$ cat run_31.txt   # compact mmCIF, C-alpha atoms
# COMPACT_ATOMS: atom_id res chain seq x y z
CA MET A 150 7.26 -14.33 9.88
CA ILE A 151 6.71 -11.85 7.04
CA HIS A 152 8.77 -12.11 3.86
CA LYS A 153 7.14 -9.66 1.54
CA ILE A 154 3.97 -7.84 0.66
CA ALA A 155 1.79 -10.29 -1.26
CA HIS A 156 -0.35 -7.46 -2.62
CA ILE A 157 -1.90 -4.10 -1.89
CA GLY A 158 -5.69 -4.22 -2.14
CA VAL A 159 -7.24 -1.16 -3.77
CA ALA A 160 -11.02 -0.58 -3.60
CA VAL A 161 -12.46 0.75 -6.86
CA LYS A 162 -15.89 1.46 -8.29
CA ASN A 163 -15.32 0.49 -11.91
CA ILE A 164 -12.55 -2.06 -12.24
CA GLU A 165 -12.34 -1.95 -16.07
CA GLU A 166 -11.83 1.82 -15.99
CA VAL A 167 -9.14 1.59 -13.31
CA GLU A 168 -7.40 -1.28 -15.14
CA LYS A 169 -6.99 1.12 -18.07
CA PHE A 170 -5.32 3.71 -15.83
CA TYR A 171 -2.78 1.15 -14.60
CA SER A 172 -2.15 -0.46 -18.00
CA GLU A 173 -2.32 2.54 -20.34
CA ILE A 174 -1.08 5.41 -18.17
CA LEU A 175 1.28 3.69 -15.71
CA LYS A 176 2.24 0.98 -18.25
CA MET A 177 1.83 -1.79 -15.69
CA GLU A 178 0.73 -5.20 -16.88
CA ILE A 179 -2.51 -6.92 -15.92
CA HIS A 180 -1.58 -10.44 -14.79
CA ASP A 181 -4.95 -12.04 -14.20
CA ARG A 182 -8.51 -11.48 -13.09
CA GLU A 183 -10.45 -13.55 -10.60
CA GLN A 184 -14.07 -13.57 -9.50
CA LEU A 185 -14.09 -14.07 -5.74
CA LYS A 186 -17.17 -14.25 -3.57
CA GLU A 187 -18.93 -10.91 -4.22
CA ILE A 188 -15.68 -9.36 -5.48
CA LYS A 189 -14.02 -8.91 -8.85
CA ALA A 190 -10.22 -8.85 -8.44
CA THR A 191 -7.53 -7.86 -10.93
CA PHE A 192 -3.84 -8.53 -10.21
CA ILE A 193 -1.18 -6.15 -11.49
CA PRO A 194 2.34 -7.29 -10.53
CA VAL A 195 4.96 -4.67 -9.62
CA GLY A 196 8.40 -5.76 -8.37
CA ASP A 197 7.94 -8.65 -5.94
CA THR A 198 4.42 -7.57 -5.02
CA ALA A 199 1.19 -6.61 -6.81
CA ILE A 200 -1.66 -4.17 -6.88
CA GLU A 201 -4.96 -6.02 -6.38
CA LEU A 202 -7.87 -3.98 -7.70
CA LEU A 203 -11.13 -4.89 -5.97
CA GLN A 204 -14.65 -4.12 -7.09
CA SER A 205 -17.64 -5.31 -5.18
CA THR A 206 -20.35 -7.11 -7.10
CA ASN A 207 -22.65 -6.65 -4.11
CA PRO A 208 -23.70 -3.10 -3.17
CA GLU A 209 -23.85 -4.26 0.47
CA GLY A 210 -20.41 -5.90 0.36
CA VAL A 211 -17.36 -4.82 2.36
CA ILE A 212 -15.68 -3.09 -0.58
CA SER A 213 -18.82 -1.10 -1.42
CA LYS A 214 -19.18 -0.09 2.21
CA PHE A 215 -15.53 0.92 2.41
CA ILE A 216 -15.93 3.17 -0.66
CA GLU A 217 -19.12 4.68 0.74
CA LYS A 218 -17.30 5.60 3.94
CA LYS A 219 -13.79 6.47 2.79
CA GLY A 220 -13.93 6.73 -1.00
CA GLU A 221 -11.89 4.73 -3.48
CA GLY A 222 -8.32 3.95 -2.45
CA VAL A 223 -6.07 1.54 -0.61
CA HIS A 224 -8.20 -1.00 1.25
CA HIS A 225 -5.61 -3.33 2.77
CA ILE A 226 -2.00 -4.48 2.78
CA ALA A 227 -1.50 -8.23 2.48
CA TYR A 228 1.66 -9.71 3.97
CA GLN A 229 2.88 -13.10 2.81
CA VAL A 230 3.59 -15.72 5.48
CA ASP A 231 4.78 -19.34 5.23
CA ASN A 232 2.44 -20.77 7.81
CA ILE A 233 -0.74 -18.84 8.38
CA GLU A 234 -1.95 -20.91 11.36
CA LYS A 235 1.33 -20.30 13.14
CA ALA A 236 1.25 -16.59 12.30
CA LEU A 237 -2.31 -16.26 13.63
CA GLU A 238 -1.45 -18.14 16.83
CA ASP A 239 1.59 -15.96 17.32
CA LEU A 240 -0.40 -12.74 16.87
CA LYS A 241 -3.16 -13.97 19.15
CA ALA A 242 -0.61 -14.85 21.84
CA LYS A 243 0.60 -11.25 21.62
CA GLY A 244 -2.92 -9.96 22.21
CA VAL A 245 -3.64 -8.90 18.63
CA GLN A 246 -7.35 -9.00 17.77
CA LEU A 247 -8.14 -10.99 14.65
CA ILE A 248 -11.05 -10.67 12.26
CA ASP A 249 -10.51 -14.25 11.05
CA GLU A 250 -9.45 -16.66 13.77
CA LYS A 251 -9.03 -19.29 11.09
CA PRO A 252 -7.76 -18.87 7.55
CA ARG A 253 -10.24 -18.77 4.70
CA ARG A 254 -9.86 -19.14 0.97
CA GLY A 255 -8.41 -16.12 -0.87
CA ALA A 256 -7.47 -15.36 -4.47
CA HIS A 257 -5.18 -17.79 -6.35
CA ASN A 258 -6.13 -20.59 -3.95
CA SER A 259 -4.28 -18.89 -1.14
CA ARG A 260 -5.38 -19.02 2.48
CA VAL A 261 -5.94 -15.64 4.07
CA ALA A 262 -6.94 -13.99 7.35
CA PHE A 263 -7.51 -10.37 8.34
CA ILE A 264 -6.29 -8.65 11.50
CA ASN A 265 -8.63 -6.23 13.27
CA PRO A 266 -7.55 -2.74 12.10
CA LYS A 267 -8.32 -1.32 15.54
CA GLY A 268 -4.99 -2.73 16.68
CA THR A 269 -2.96 -1.89 13.58
CA TYR A 270 -3.07 1.92 13.52
CA GLY A 271 -5.55 2.28 10.71
CA VAL A 272 -4.09 -0.18 8.20
CA LEU A 273 -6.22 -3.21 7.45
CA ILE A 274 -3.70 -6.06 7.39
CA GLU A 275 -4.27 -9.37 5.64
CA LEU A 276 -2.03 -12.39 6.04
CA VAL A 277 -1.65 -14.59 2.97
CA GLU A 278 -0.24 -18.08 2.73
CA PRO A 279 0.14 -18.76 -0.99
CA GLU A 280 -0.96 -22.03 -2.53
CA LYS A 281 1.84 -24.54 -2.14
CA ASN A 282 3.56 -25.57 -5.35
CA HIS A 283 3.89 -29.30 -4.96
CA MET B 146 8.54 3.12 -16.54
CA ILE B 147 7.77 1.58 -13.14
CA HIS B 148 9.97 -1.20 -11.75
CA LYS B 149 8.75 -1.62 -8.22
CA ILE B 150 7.04 0.01 -5.29
CA ALA B 151 9.66 2.15 -3.54
CA HIS B 152 7.54 2.34 -0.40
CA ILE B 153 4.03 2.58 0.98
CA GLY B 154 3.54 5.73 3.03
CA VAL B 155 1.47 5.24 6.19
CA ALA B 156 0.20 8.26 8.15
CA VAL B 157 0.41 7.79 11.92
CA LYS B 158 -0.13 9.89 15.02
CA ASN B 159 2.61 8.51 17.24
CA ILE B 160 5.47 7.07 15.22
CA GLU B 161 7.34 5.50 18.17
CA GLU B 162 4.20 3.59 19.19
CA VAL B 163 3.57 2.36 15.64
CA GLU B 164 7.23 1.38 15.20
CA LYS B 165 6.74 -0.96 18.17
CA PHE B 166 3.78 -2.61 16.47
CA TYR B 167 5.80 -3.31 13.32
CA SER B 168 8.98 -4.40 15.12
CA GLU B 169 7.58 -6.28 18.13
CA ILE B 170 4.32 -7.70 16.81
CA LEU B 171 4.98 -8.13 13.08
CA LYS B 172 8.74 -8.75 13.64
CA MET B 173 9.71 -6.42 10.84
CA GLU B 174 12.97 -4.53 11.12
CA ILE B 175 13.31 -0.75 11.37
CA HIS B 176 15.90 0.26 8.76
CA ASP B 177 16.31 3.97 9.42
CA ARG B 178 14.61 7.15 10.51
CA GLU B 179 14.75 10.49 8.80
CA GLN B 180 13.52 13.95 9.73
CA LEU B 181 12.07 15.48 6.59
CA LYS B 182 10.58 18.96 6.35
CA GLU B 183 7.74 18.86 8.94
CA ILE B 184 7.68 15.05 8.83
CA LYS B 185 9.29 12.26 10.82
CA ALA B 186 9.75 9.18 8.63
CA THR B 187 10.66 5.62 9.59
CA PHE B 188 11.57 3.03 6.95
CA ILE B 189 10.70 -0.62 7.47
CA PRO B 190 11.85 -2.79 4.56
CA VAL B 191 9.69 -5.73 3.45
CA GLY B 192 10.65 -7.76 0.36
CA ASP B 193 11.80 -5.35 -2.36
CA THR B 194 9.74 -2.49 -0.94
CA ALA B 195 9.20 -0.79 2.43
CA ILE B 196 6.63 0.63 4.79
CA GLU B 197 7.33 4.32 5.38
CA LEU B 198 5.70 5.49 8.60
CA LEU B 199 4.98 9.23 8.54
CA GLN B 200 4.22 11.48 11.47
CA SER B 201 3.71 15.20 11.03
CA THR B 202 5.68 17.52 13.28
CA ASN B 203 3.38 20.35 12.21
CA PRO B 204 -0.31 20.14 13.27
CA GLU B 205 -1.18 22.01 10.05
CA GLY B 206 0.95 19.73 7.83
CA VAL B 207 -0.40 17.44 5.11
CA ILE B 208 -0.09 14.28 7.20
CA SER B 209 -1.94 15.85 10.15
CA LYS B 210 -4.69 17.03 7.82
CA PHE B 211 -4.92 13.62 6.20
CA ILE B 212 -5.38 11.96 9.61
CA GLU B 213 -7.98 14.55 10.65
CA LYS B 214 -9.99 13.79 7.52
CA LYS B 215 -9.48 10.06 6.99
CA GLY B 216 -7.85 8.73 10.15
CA GLU B 217 -4.53 6.93 10.37
CA GLY B 218 -3.70 4.59 7.50
CA VAL B 219 -2.15 4.29 4.06
CA HIS B 220 -1.36 7.77 2.76
CA HIS B 221 0.36 7.05 -0.56
CA ILE B 222 2.01 4.47 -2.79
CA ALA B 223 5.43 5.45 -4.13
CA TYR B 224 6.53 3.89 -7.41
CA GLN B 225 10.21 3.80 -8.31
CA VAL B 226 11.22 5.20 -11.70
CA ASP B 227 14.63 5.57 -13.38
CA ASN B 228 14.12 9.04 -14.75
CA ILE B 229 11.57 11.15 -12.93
CA GLU B 230 11.60 14.07 -15.40
CA LYS B 231 10.83 11.69 -18.23
CA ALA B 232 8.10 9.97 -16.21
CA LEU B 233 6.47 13.31 -15.37
CA GLU B 234 6.64 14.48 -19.00
CA ASP B 235 5.14 11.22 -20.14
CA LEU B 236 2.26 11.44 -17.64
CA LYS B 237 1.62 15.09 -18.50
CA ALA B 238 1.51 14.24 -22.21
CA LYS B 239 -1.17 11.67 -21.36
CA GLY B 240 -3.24 14.35 -19.62
CA VAL B 241 -2.49 13.26 -16.05
CA GLN B 242 -2.68 16.13 -13.55
CA LEU B 243 0.40 16.47 -11.39
CA ILE B 244 0.78 17.98 -7.93
CA ASP B 245 4.50 18.50 -8.53
CA GLU B 246 5.39 19.55 -12.07
CA LYS B 247 9.03 19.30 -11.09
CA PRO B 248 10.67 16.80 -8.75
CA ARG B 249 11.57 17.85 -5.25
CA ARG B 250 13.81 16.35 -2.62
CA GLY B 251 12.45 13.27 -0.82
CA ALA B 252 13.79 10.89 1.82
CA HIS B 253 17.21 9.25 1.30
CA ASN B 254 18.21 12.04 -1.12
CA SER B 255 15.71 10.76 -3.66
CA ARG B 256 13.80 13.05 -6.01
CA VAL B 257 10.04 12.73 -5.80
CA ALA B 258 6.82 14.08 -7.28
CA PHE B 259 3.15 13.45 -6.53
CA ILE B 260 0.35 12.85 -9.00
CA ASN B 261 -3.02 14.50 -8.36
CA PRO B 262 -5.19 11.77 -6.75
CA LYS B 263 -8.25 13.09 -8.59
CA GLY B 264 -6.99 11.23 -11.66
CA THR B 265 -5.76 8.08 -9.94
CA TYR B 266 -8.97 6.63 -8.49
CA GLY B 267 -8.33 7.59 -4.88
CA VAL B 268 -4.73 6.44 -4.51
CA LEU B 269 -2.20 9.19 -3.91
CA ILE B 270 0.73 8.18 -6.13
CA GLU B 271 4.28 9.37 -5.64
CA LEU B 272 7.06 8.83 -8.15
CA VAL B 273 10.53 8.30 -6.69
CA GLU B 274 13.87 8.41 -8.45
CA PRO B 275 16.38 7.05 -5.93
CA GLU B 276 19.72 8.75 -5.34
CA LYS B 277 22.18 7.49 -7.94
CA ASN B 278 24.90 5.26 -6.59
CA HIS B 279 27.96 6.54 -8.45
$ encode --input "run_31.txt" --output "structure tokens"
Amino acid sequence: MIHKIAHIGVAVKNIEEVEKFYSEILKMEIHDREQLKEIKATFIPVGDTAIELLQSTNPEGVISKFIEKKGEGVHHIAYQVDNIEKALEDLKAKGVQLIDEKPRRGAHNSRVAFINPKGTYGVLIELVEPEKNH
Amino acid sequence: MIHKIAHIGVAVKNIEEVEKFYSEILKMEIHDREQLKEIKATFIPVGDTAIELLQSTNPEGVISKFIEKKGEGVHHIAYQVDNIEKALEDLKAKGVQLIDEKPRRGAHNSRVAFINPKGTYGVLIELVEPEKNH
């Protein structure tokens, strides 16, 4: 079902400042930036995965609330799947509680869904089906 | 300096229970288990990286204290480097505060060092130089 980690989502307060840490101190390369609904995202590839920096543009948004509660840091781990509907059905059949019963649009035109972290031992898990390259 | 994520460390209370979640629900494969100083570790490869489950065998240990404060979840991100002494020197020269000025022994006979999370925007970062394959 899972081939690799699509990205690791990291909640930050000031995305430009944190980009500098990754690019200037860790010498990692910024790949692209995307404005999602209420979220600024910056992708920094590393090996076959990526760090996804996330800054909320809404003080009431999920990323803001996460930082308020837990501070800046890792927000979620996104696993890449081939067929997100099938993966969600499979998890549901095994009794896993989902946040998103149906996939929704994620960064890079992917389709994504989150699993309820209550059943995943504290790690917020996202499933990502990348945009098909036709 | 950094080629890939060596692993993502996840703090858990009951490692056998969490192993079941990864192997039975997510269908990921347990690669190996290792008893480190005060820590049980389980490696679960995914793509070119791995999830490293961590359970403290000491109620006063760092993983226990992390869980007390923040709950179960992602504890650190470990980046693979070729030469850990050089990486630490380089970071120090850039003013980055280190937890370990010198590498110490990690899992799989690697040498590891942690960066002070105060300078890394909430993510505890570990550097890992894998055991050389002579």
$ residues_around --input "run_31.txt" --residues "range 243-260 of chain A" --least-positions-apart "3" --cutoff "12 Å" --atoms "all atoms listed in the file" --output "JSON, numbers by chain"
{"A": [155, 156, 158, 180, 181, 182, 183, 184, 185, 186, 188, 189, 190, 191, 192, 201, 202, 203, 227, 228, 229, 230, 231, 232, 233, 234, 235, 236, 237, 238, 239, 240, 263, 264, 265, 266, 267, 268, 269, 270, 273, 274, 275, 276, 277, 278, 279, 280, 281, 282], "B": [166, 169, 170, 171, 172]}
$ atom_distance --input "run_31.txt" --atom1 "CA of Glu217 in chain B" --atom2 "CA of Gly271 in chain A"
4.8 Å
$ calpha_fit_and_write --input "run_31.txt" --fixed "chain B" --moving "chain A" --output "mmCIF file with C-alpha atoms, keeping the file's coordinate frame"
data_model
loop_
_atom_site.group_PDB
_atom_site.id
_atom_site.type_symbol
_atom_site.label_atom_id
_atom_site.label_comp_id
_atom_site.auth_asym_id
_atom_site.auth_seq_id
_atom_site.Cartn_x
_atom_site.Cartn_y
_atom_site.Cartn_z
ATOM 1 C CA MET A 150 8.543 3.117 -16.522
ATOM 2 C CA ILE A 151 7.762 1.580 -13.124
ATOM 3 C CA HIS A 152 9.962 -1.187 -11.735
ATOM 4 C CA LYS A 153 8.742 -1.615 -8.218
ATOM 5 C CA ILE A 154 7.042 0.022 -5.291
ATOM 6 C CA ALA A 155 9.658 2.161 -3.553
ATOM 7 C CA HIS A 156 7.540 2.353 -0.404
ATOM 8 C CA ILE A 157 4.041 2.577 0.986
ATOM 9 C CA GLY A 158 3.548 5.738 3.038
ATOM 10 C CA VAL A 159 1.482 5.244 6.186
ATOM 11 C CA ALA A 160 0.189 8.265 8.149
ATOM 12 C CA VAL A 161 0.421 7.790 11.916
ATOM 13 C CA LYS A 162 -0.116 9.895 15.014
ATOM 14 C CA ASN A 163 2.622 8.515 17.243
ATOM 15 C CA ILE A 164 5.467 7.078 15.214
ATOM 16 C CA GLU A 165 7.329 5.495 18.173
ATOM 17 C CA GLU A 166 4.199 3.584 19.191
ATOM 18 C CA VAL A 167 3.565 2.357 15.647
ATOM 19 C CA GLU A 168 7.236 1.385 15.204
ATOM 20 C CA LYS A 169 6.750 -0.963 18.164
ATOM 21 C CA PHE A 170 3.759 -2.614 16.478
ATOM 22 C CA TYR A 171 5.790 -3.298 13.327
ATOM 23 C CA SER A 172 8.969 -4.395 15.126
ATOM 24 C CA GLU A 173 7.571 -6.283 18.124
ATOM 25 C CA ILE A 174 4.297 -7.708 16.807
ATOM 26 C CA LEU A 175 4.969 -8.139 13.073
ATOM 27 C CA LYS A 176 8.711 -8.768 13.638
ATOM 28 C CA MET A 177 9.694 -6.404 10.839
ATOM 29 C CA GLU A 178 12.962 -4.533 11.120
ATOM 30 C CA ILE A 179 13.320 -0.767 11.373
ATOM 31 C CA HIS A 180 15.907 0.257 8.766
ATOM 32 C CA ASP A 181 16.324 3.954 9.419
ATOM 33 C CA ARG A 182 14.620 7.132 10.522
ATOM 34 C CA GLU A 183 14.756 10.484 8.792
ATOM 35 C CA GLN A 184 13.536 13.941 9.728
ATOM 36 C CA LEU A 185 12.076 15.495 6.591
ATOM 37 C CA LYS A 186 10.558 18.940 6.354
ATOM 38 C CA GLU A 187 7.727 18.859 8.933
ATOM 39 C CA ILE A 188 7.664 15.046 8.852
ATOM 40 C CA LYS A 189 9.283 12.265 10.842
ATOM 41 C CA ALA A 190 9.749 9.177 8.638
ATOM 42 C CA THR A 191 10.667 5.624 9.610
ATOM 43 C CA PHE A 192 11.574 3.031 6.957
ATOM 44 C CA ILE A 193 10.708 -0.624 7.481
ATOM 45 C CA PRO A 194 11.860 -2.800 4.557
ATOM 46 C CA VAL A 195 9.689 -5.737 3.457
ATOM 47 C CA GLY A 196 10.638 -7.763 0.362
ATOM 48 C CA ASP A 197 11.779 -5.354 -2.352
ATOM 49 C CA THR A 198 9.738 -2.486 -0.935
ATOM 50 C CA ALA A 199 9.208 -0.778 2.436
ATOM 51 C CA ILE A 200 6.640 0.629 4.783
ATOM 52 C CA GLU A 201 7.326 4.334 5.383
ATOM 53 C CA LEU A 202 5.710 5.507 8.605
ATOM 54 C CA LEU A 203 4.995 9.240 8.547
ATOM 55 C CA GLN A 204 4.236 11.507 11.466
ATOM 56 C CA SER A 205 3.719 15.188 11.032
ATOM 57 C CA THR A 206 5.685 17.515 13.266
ATOM 58 C CA ASN A 207 3.365 20.336 12.218
ATOM 59 C CA PRO A 208 -0.304 20.137 13.260
ATOM 60 C CA GLU A 209 -1.172 22.022 10.049
ATOM 61 C CA GLY A 210 0.923 19.733 7.833
ATOM 62 C CA VAL A 211 -0.410 17.436 5.110
ATOM 63 C CA ILE A 212 -0.084 14.279 7.205
ATOM 64 C CA SER A 213 -1.942 15.837 10.146
ATOM 65 C CA LYS A 214 -4.678 17.028 7.817
ATOM 66 C CA PHE A 215 -4.939 13.611 6.191
ATOM 67 C CA ILE A 216 -5.382 11.958 9.614
ATOM 68 C CA GLU A 217 -7.963 14.546 10.640
ATOM 69 C CA LYS A 218 -9.994 13.778 7.528
ATOM 70 C CA LYS A 219 -9.488 10.056 6.988
ATOM 71 C CA GLY A 220 -7.840 8.723 10.144
ATOM 72 C CA GLU A 221 -4.523 6.918 10.373
ATOM 73 C CA GLY A 222 -3.701 4.581 7.496
ATOM 74 C CA VAL A 223 -2.157 4.299 4.062
ATOM 75 C CA HIS A 224 -1.344 7.775 2.758
ATOM 76 C CA HIS A 225 0.357 7.060 -0.565
ATOM 77 C CA ILE A 226 2.009 4.474 -2.787
ATOM 78 C CA ALA A 227 5.423 5.445 -4.130
ATOM 79 C CA TYR A 228 6.529 3.898 -7.413
ATOM 80 C CA GLN A 229 10.205 3.811 -8.310
ATOM 81 C CA VAL A 230 11.220 5.209 -11.703
ATOM 82 C CA ASP A 231 14.630 5.563 -13.385
ATOM 83 C CA ASN A 232 14.105 9.029 -14.759
ATOM 84 C CA ILE A 233 11.585 11.146 -12.933
ATOM 85 C CA GLU A 234 11.615 14.055 -15.416
ATOM 86 C CA LYS A 235 10.833 11.674 -18.247
ATOM 87 C CA ALA A 236 8.102 9.958 -16.227
ATOM 88 C CA LEU A 237 6.482 13.306 -15.379
ATOM 89 C CA GLU A 238 6.635 14.470 -19.004
ATOM 90 C CA ASP A 239 5.125 11.204 -20.139
ATOM 91 C CA LEU A 240 2.251 11.436 -17.646
ATOM 92 C CA LYS A 241 1.627 15.071 -18.502
ATOM 93 C CA ALA A 242 1.510 14.225 -22.214
ATOM 94 C CA LYS A 243 -1.192 11.684 -21.369
ATOM 95 C CA GLY A 244 -3.246 14.351 -19.616
ATOM 96 C CA VAL A 245 -2.489 13.263 -16.053
ATOM 97 C CA GLN A 246 -2.679 16.131 -13.552
ATOM 98 C CA LEU A 247 0.412 16.485 -11.399
ATOM 99 C CA ILE A 248 0.784 17.966 -7.941
ATOM 100 C CA ASP A 249 4.516 18.512 -8.526
ATOM 101 C CA GLU A 250 5.395 19.547 -12.059
ATOM 102 C CA LYS A 251 9.036 19.292 -11.085
ATOM 103 C CA PRO A 252 10.692 16.793 -8.776
ATOM 104 C CA ARG A 253 11.561 17.834 -5.248
ATOM 105 C CA ARG A 254 13.810 16.335 -2.624
ATOM 106 C CA GLY A 255 12.453 13.248 -0.825
ATOM 107 C CA ALA A 256 13.788 10.870 1.818
ATOM 108 C CA HIS A 257 17.216 9.240 1.295
ATOM 109 C CA ASN A 258 18.203 12.015 -1.119
ATOM 110 C CA SER A 259 15.713 10.772 -3.661
ATOM 111 C CA ARG A 260 13.805 13.040 -6.016
ATOM 112 C CA VAL A 261 10.047 12.726 -5.792
ATOM 113 C CA ALA A 262 6.824 14.077 -7.297
ATOM 114 C CA PHE A 263 3.161 13.462 -6.510
ATOM 115 C CA ILE A 264 0.360 12.866 -9.006
ATOM 116 C CA ASN A 265 -3.014 14.504 -8.375
ATOM 117 C CA PRO A 266 -5.173 11.780 -6.754
ATOM 118 C CA LYS A 267 -8.239 13.085 -8.582
ATOM 119 C CA GLY A 268 -6.985 11.241 -11.649
ATOM 120 C CA THR A 269 -5.760 8.089 -9.918
ATOM 121 C CA TYR A 270 -8.970 6.636 -8.464
ATOM 122 C CA GLY A 271 -8.341 7.588 -4.876
ATOM 123 C CA VAL A 272 -4.730 6.446 -4.497
ATOM 124 C CA LEU A 273 -2.200 9.191 -3.913
ATOM 125 C CA ILE A 274 0.717 8.181 -6.138
ATOM 126 C CA GLU A 275 4.281 9.365 -5.644
ATOM 127 C CA LEU A 276 7.059 8.823 -8.152
ATOM 128 C CA VAL A 277 10.524 8.291 -6.698
ATOM 129 C CA GLU A 278 13.861 8.411 -8.452
ATOM 130 C CA PRO A 279 16.367 7.039 -5.945
ATOM 131 C CA GLU A 280 19.691 8.729 -5.338
ATOM 132 C CA LYS A 281 22.149 7.507 -7.937
ATOM 133 C CA ASN A 282 24.951 5.325 -6.628
ATOM 134 C CA HIS A 283 27.971 6.677 -8.424
#
$ interface_residues --input "run_31.txt" --of "chain B" --to "chain A" --cutoff "6 Å" --atoms "only C-alpha atoms" --output "ChimeraX atom specification"
/B:148-149,191-192,217-218,267-268
$ atom_distance --input "run_31.txt" --atom1 "CA of Glu161 in chain B" --atom2 "CA of Ile175 in chain B"
11.0 Å
$ atom_distance --input "run_31.txt" --atom1 "CA of Val257 in chain B" --atom2 "CA of Ile189 in chain B"
18.8 Å
